[in-house]
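Below: one structure, written as structure tokens.
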Protein chains: 2
Amino acid sequence: MVKIKNPQILTQLNARQQLRQLGVLEKKATAIGTYSAVRRQSPIAPDQPEPQILDHTTQQAKLFPQIANGIFFRIAADVVWHMYQNVMKELEAGNRRSLPELHALSCCLKAVCSADAERGVEILRKSCGGHGYLSSSNLPQIYGLVTAACTYEGENTVLLLQTARFLVKQYAEGLKRKVLPHSVTYLRNAARPKWDKVVELKTLVRLLELAATERIRQTFEYLRKQRKIVKSEQVAANKAGIRLTQAATLHGRAFLARIAFEEVEKFCMELKPSLAAVLKQLVELFVLEFCLTSLSDILLAFQLNARQVDEMRTRYERLLADIRPNAVVVVDGFDFNDRVLGSTLGCYDGRVYERLMEEARKSTLNQEVVNKTFETHLKPLMQGKL
Amino acid sequence: MVKIKNPQILTQLNARQQLRQLGVLEKKATAIGTYSAVRRQSPIAPDQPEPQILDHTTQQAKLFPQIANGIFFRIAADVVWHMYQNVMKELEAGNRRSLPELHALSCCLKAVCSADAERGVEILRKSCGGHGYLSSSNLPQIYGLVTAACTYEGENTVLLLQTARFLVKQYAEGLKRKVLPHSVTYLRNAARPKWDKVVELKTLVRLLELAATERIRQTFEYLRKQRKIVKSEQVAANKAGIRLTQAATLHGRAFLARIAFEEVEKFCMELKPSLAAVLKQLVELFVLEFCLTSLSDILLAFQLNARQVDEMRTRYERLLADIRPNAVVVVDGFDFNDRVLGSTLGCYDGRVYERLMEEARKSTLNQEVVNKTFETHLKPLMQGKL
């Protein structure tokens with residue numbers, strides 16, 4: 001039993017468990033959503049039979065980023081767990097230096113990951129069309145669990161504001177040339193990445209860090225100006241609320257991208273080249289998704305021309321096509337038992353339609369060919385004169 | 001009874017009803033969400049009592065854009081209805097010229113509005129914290145109705161692809177200097193707006209149109225290139241899927257912004273100045289919300305510097321503050337009866353906590369002070385040796 005000396009620590013412990021749980025839930029949802037390898041619909045070429053819907057680029061764009069999220073949220077949970085253990089040791093020795101950093105990180109990771117997981121699970125649910133709306137798909141229930149995480153254990157907006165306060169403070173420390181905690185050293189790094197012909201992963205991670213730095217800088221300046229106008233620290237902070245939460249979100253994304261990049265570099269040395277290749281594709285997709293979501297912030301921090309943005313989009317599309325042949329195997333690799341998925345759609349043998357029919361037969365409305373209330377109520381009404 | 005000569009027309013009829021319904025559902029959700037005028041939490045200034053949570057800028061940013069959406073989706077529904085009636089008359093006279101335009105418009109408006117309404121209702125639900133998670137808030141049920149609209153009557157991605165096909169075709173026609181249908185004439189308008197000191201609404205609308213034009217142009221070029229590479233119209237279209245849907249979404253937003261702007265200009269001449277002022281604030285918020293959501297596309301189509309973007313953000317924040325004093329009245333003006341809202345949170349008299357308590361008392365678990373299963377099962381277990 002760990003001796004808790006500081007109640008704040010409890011939040012950090014929860015954050016780590018939440019990140020893990022969000023990763024698991026997102027993985028479950030992707031495992032179910034990948035039934036789009038079974039479903040066939042909407043011909044691509046008119047002379048071909050209807051393809052697996054997983055062959056539609058738009059469908060891939062719904063599924064594959066969620067597979068990546070599931071994996072890298074889990075990795076983030078492990079990194080935070082490692083940090084937590086270190087901070088606990090420091091606390092035992094009476095050193096509270098790293099506590100604010102850990103607090104700021106777990107706040108924004110919980111907020112960013114739960115918001116993204118919520119969005120992701122809902123995209124997956126909708127990617128199953130009407131079938132995703134059925135309770136028997138289990139996707140609505142998974143969504144219910146994930147979306148709750150946006151509210152409990154610290155409401156997301158409140159948590160982002162906590163992180164933002166830390167970030168603005170660190171930015172000010174950086175201006176005074178002080179040494180910054182590890183997760184925010186990038187705030188003092190002004191190096192502009194070189195844009196090579198092939199967009200490199202480390203360039204993309206750096207773009208996110210530059211975007212976060214610029215947003216934090218702007219928010220810092222805005223707060224300084226507002227403080228002079230309204231003569232109150234707190235009223236100024238309230239006026240800056242939207243900017244603060246957006247800056248914290250960007251920081252969270254930059255951090256997630258950085259650790260995903262670094263951890264995969266470490267992992268890949270131990271993996272078979274074929275497996276490493278797939279993991280590299282997934283981490284690139286994970287980071288590119290963040291870059292395209294935060295594109296306006298990147299454009300404001302680092303001038304990219306239309307051609308460079310097009311390169312990012314083309315790379316994203318190529319990644320989807322590259323991941324396609326391995327998508328089902330990766331999801332099978334999550335190794336969820338059918339009983340755990342509890343879904344008519346996501347099941348190991350792919351007999352989706354048989355299961356849907358079985359489930360439909362259970363409905364009380366389907367116990368007779370024509371429900372007897374038709375004879376007793378509807379038919380007389382229809383035959384009567386109104 | 002309207003005589004339907006063309007089955008496509010049915011889709012358009014549905015689209016109009018859906019837009020109306022989405023507007024109504026979003027309005028209902030805002031009416032419930034505005035209970036944040038009753039709830040008090042998180043002090044802004046430390047020497048003041050806890051404020052209405054509606055005074056937090058971050059809360060305003062969750063609520064007020066949804067109020068605007070509810071109003072302007074409804075107005076869009078009326079505009080589409082008017083178009084539909086005109087097209088019906090043309091069809092009676094054997095003229096099918098406007099049918100593709102109407103089809104393209106209703107497809108993307110259904111998709112854009114249902115996606116935004118879904119996001120909006122969920123933001124509103126979460127803005128109520130844990131209370132929004134209660135069925136008795138009625139927000140989860142409203143969400144269930146709204147999110148279904150993303151799937152039924154044409155799945156959103158499929159609809160956006162239909163619109164995109166029309167847009168790319170019109171762009172090509174524009175290059176040949178042909179006359180374009182009214183809703184896409186902007187594709188041939190290369191005029192750059194002037195950025196005045198005060199950001200004008202018509203400038204913002206024009207920015208959205210420029211962004212849409214640029215996206216459609218890029219997609220057109222991409223498709224042309226891909227067609228040569230893959231030698232198939234359809235395979236090229238599948239490869240361009242993500243770009244096509246994004247272009248159609250931008251077109252939908254530009255169109256919604258344009259009609260909101262034009263309709264409010266018309267309305268406001270007939271309204272009292274005090275009412276017109278509120279409507280003008282709401283339409284500005286509606287358009288600015290689109291601009292900030294599509295900021296990366298605007299930046300790629302029209303070079304804005306950091307100062308200009310900051311002006312947009314500051315204007316957005318000022319609008320929230322301006323709308324704040326009238327927010328409750330505007331929502332009351334939707335004139336929903338408590339019975340229609342069916343919510344413990346949204347009710348005319350604001351007696352939220354009493355209603356929550358009443359609802360909690362109905363739970364079977366709350367019929368005794370201590371549930372008898374504690375005595376029969378839990379207590380012996382707790383007292384036993386495990």
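Naming scheme: A, B, ... for chains in displayed order of the structure tokens; residues 1 onward per chain; ligands 1 onward as shown.
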
Write out as a list in words every residue belonging to chain A that has an atom at most 7 Å from any atom of chain B, counting only C-alpha atoms.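 Taken together, these residues fit the definition: Ile44, Ala45, His56, Thr57, Thr58, Lys126, Gly129, Gly130, Thr151, Gln234, Val235, Asn238, Lys239, Gly241, Ile242, Leu295, Ser296, Leu300 and Ala306 of chain A.
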
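The space separating atom CA of Pro65 of chain A from atom CA of Glu289 of chain A comes to 7.1 Å.
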
Contacts of segment 330-345 of chain A at 8 Å or less, counting only C-alpha atoms, minus same-chain residues fewer than 4 places along, as a list in words?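 In the requested format, the answer is Lys27, Lys28, Thr30, Ala31, Ile32, Gly33, Thr34, Tyr35, Ile67, His131, Ser136, Ser137, Asn138, Leu139, Asn326, Gly350, Val352, Arg355, Leu356 and Glu359 of chain A.
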
Mind dumping the selected residues with N, CA and C atoms as a short mmCIF file (atom, residue, chain, number, x, y, z; two decimals), in the first residue's frame?
data_model
loop_
_atom_site.label_atom_id
_atom_site.label_comp_id
_atom_site.auth_asym_id
_atom_site.auth_seq_id
_atom_site.Cartn_x
_atom_site.Cartn_y
_atom_site.Cartn_z
N LYS A 27 -9.81 1.16 -27.76
CA LYS A 27 -9.42 -0.06 -28.47
C LYS A 27 -10.62 -0.99 -28.69
N LYS A 28 -11.46 -1.11 -27.65
CA LYS A 28 -12.66 -1.94 -27.78
C LYS A 28 -13.52 -1.43 -28.92
N THR A 30 -12.65 0.34 -31.46
CA THR A 30 -12.06 0.11 -32.78
C THR A 30 -12.22 -1.35 -33.17
N ALA A 31 -12.10 -2.22 -32.16
CA ALA A 31 -12.24 -3.65 -32.46
C ALA A 31 -13.64 -3.93 -33.01
N ILE A 32 -14.63 -3.23 -32.45
CA ILE A 32 -16.00 -3.41 -32.95
C ILE A 32 -16.15 -2.72 -34.31
N GLY A 33 -15.61 -1.50 -34.40
CA GLY A 33 -15.76 -0.72 -35.64
C GLY A 33 -15.11 -1.39 -36.85
N THR A 34 -14.10 -2.20 -36.58
CA THR A 34 -13.38 -2.82 -37.70
C THR A 34 -14.24 -3.90 -38.38
N TYR A 35 -15.47 -4.06 -37.89
CA TYR A 35 -16.39 -4.95 -38.60
C TYR A 35 -16.65 -4.40 -40.01
N ILE A 67 -7.49 3.64 -33.86
CA ILE A 67 -6.60 2.53 -33.50
C ILE A 67 -5.33 3.13 -32.89
N HIS A 131 -26.27 0.29 -37.74
CA HIS A 131 -25.88 -0.79 -36.82
C HIS A 131 -25.22 -0.26 -35.55
N SER A 136 -27.14 -3.47 -29.20
CA SER A 136 -26.45 -4.75 -29.29
C SER A 136 -25.07 -4.61 -29.92
N SER A 137 -24.77 -3.44 -30.50
CA SER A 137 -23.41 -3.22 -31.00
C SER A 137 -22.46 -2.94 -29.84
N ASN A 138 -23.02 -2.58 -28.71
CA ASN A 138 -22.29 -2.19 -27.49
C ASN A 138 -21.58 -0.85 -27.64
N LEU A 139 -21.63 -0.23 -28.81
CA LEU A 139 -20.93 1.05 -28.98
C LEU A 139 -21.59 2.18 -28.18
N ASN A 326 -3.08 -4.22 -42.81
CA ASN A 326 -2.81 -4.77 -41.49
C ASN A 326 -3.84 -4.39 -40.44
N GLY A 350 -16.55 -13.00 -37.34
CA GLY A 350 -17.09 -12.12 -38.38
C GLY A 350 -18.51 -12.46 -38.82
N VAL A 352 -21.43 -11.45 -38.49
CA VAL A 352 -22.17 -10.30 -37.98
C VAL A 352 -23.66 -10.42 -38.23
N ARG A 355 -25.58 -12.85 -36.13
CA ARG A 355 -25.75 -12.36 -34.75
C ARG A 355 -26.80 -11.26 -34.67
N LEU A 356 -26.83 -10.40 -35.66
CA LEU A 356 -27.83 -9.34 -35.67
C LEU A 356 -29.24 -9.94 -35.74
N GLU A 359 -30.20 -11.47 -32.45
CA GLU A 359 -30.52 -10.42 -31.47
C GLU A 359 -31.91 -9.86 -31.74
#

Rounded to one decimal place, report the atom CA of Thr185 of chain B-atom CA of Asp116 of chain B distance in Å. 25.0 Å

From segment 323-382 of chain A, collect each residue whose DSSP state is helix (DSSP H, G or I) and return the set as number ranges by chain. A: 323-333, 338-341, 352-362, 364-366, 372-382

Could you pull the residues within 8 Å of segment 263-280 of chain B, counting only C-alpha atoms, minus those fewer than 3 positions along the same chain, as a PyMOL selection string? chain B and resi 75+259-260+283-284+323+326

Show which residues sit within 7 Å of Ala248 of chain B, as an NGL selection string. Count only C-alpha atoms, and ignore same-chain residues fewer than 6 positions away. :B and (108 or 160 or 163-164)

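One distance worth recording is that between atom CA of Met83 of chain A and atom CA of Tyr171 of chain A, which is 21.7 Å.
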
Can you pull out every residue within 12 Å of Lys169 of chain A, counting only C-alpha atoms, but drop anything in the same chain fewer than 6 positions away, and send it as a list in words? Pro100, Glu101, Ala104, Gln162, Thr163, Leu175, Lys176, Lys178, Leu180, Pro181, Val184, Leu187, Ile216, Arg217, Thr219, Phe220, Glu221, Leu223 and Arg224 of chain A

Neighbour list for Glu209 of chain B as a PDB file with N, CA and C atoms, in the first residue's frame, cut-off 8 Å, only C-alpha atoms, skip fewer than 2 positions in-chain:
ATOM      1  N   TYR B 186     -20.211  32.298 -56.007  1.00  0.00           N
ATOM      2  CA  TYR B 186     -19.006  32.795 -55.336  1.00  0.00           C
ATOM      3  C   TYR B 186     -17.738  32.115 -55.859  1.00  0.00           C
ATOM      4  N   LEU B 187     -17.887  30.937 -56.465  1.00  0.00           N
ATOM      5  CA  LEU B 187     -16.709  30.235 -56.996  1.00  0.00           C
ATOM      6  C   LEU B 187     -16.035  31.037 -58.109  1.00  0.00           C
ATOM      7  N   VAL B 205     -17.988  36.601 -43.892  1.00  0.00           N
ATOM      8  CA  VAL B 205     -18.713  35.709 -44.801  1.00  0.00           C
ATOM      9  C   VAL B 205     -17.870  35.463 -46.049  1.00  0.00           C
ATOM     10  N   ARG B 206     -17.273  36.529 -46.544  1.00  0.00           N
ATOM     11  CA  ARG B 206     -16.437  36.428 -47.750  1.00  0.00           C
ATOM     12  C   ARG B 206     -15.207  35.543 -47.493  1.00  0.00           C
ATOM     13  N   LEU B 207     -14.643  35.627 -46.295  1.00  0.00           N
ATOM     14  CA  LEU B 207     -13.485  34.783 -45.961  1.00  0.00           C
ATOM     15  C   LEU B 207     -13.860  33.308 -46.061  1.00  0.00           C
ATOM     16  N   ALA B 211     -12.299  30.577 -48.579  1.00  0.00           N
ATOM     17  CA  ALA B 211     -11.731  29.321 -48.078  1.00  0.00           C
ATOM     18  C   ALA B 211     -12.355  28.135 -48.816  1.00  0.00           C
ATOM     19  N   ALA B 212     -13.681  28.198 -49.005  1.00  0.00           N
ATOM     20  CA  ALA B 212     -14.362  27.106 -49.706  1.00  0.00           C
ATOM     21  C   ALA B 212     -13.878  27.028 -51.151  1.00  0.00           C
ATOM     22  N   THR B 213     -13.779  28.178 -51.803  1.00  0.00           N
ATOM     23  CA  THR B 213     -13.311  28.198 -53.202  1.00  0.00           C
ATOM     24  C   THR B 213     -11.931  27.561 -53.314  1.00  0.00           C
ATOM     25  N   HIS B 251     -18.197  24.453 -48.010  1.00  0.00           N
ATOM     26  CA  HIS B 251     -19.241  25.070 -48.828  1.00  0.00           C
ATOM     27  C   HIS B 251     -20.523  25.247 -47.999  1.00  0.00           C
ATOM     28  N   ALA B 254     -20.060  28.121 -45.629  1.00  0.00           N
ATOM     29  CA  ALA B 254     -20.081  29.411 -46.333  1.00  0.00           C
ATOM     30  C   ALA B 254     -21.516  29.772 -46.700  1.00  0.00           C
ATOM     31  N   PHE B 255     -22.284  28.776 -47.155  1.00  0.00           N
ATOM     32  CA  PHE B 255     -23.660  29.036 -47.544  1.00  0.00           C
ATOM     33  C   PHE B 255     -24.510  29.442 -46.327  1.00  0.00           C
TER      34      PHE B 255
END
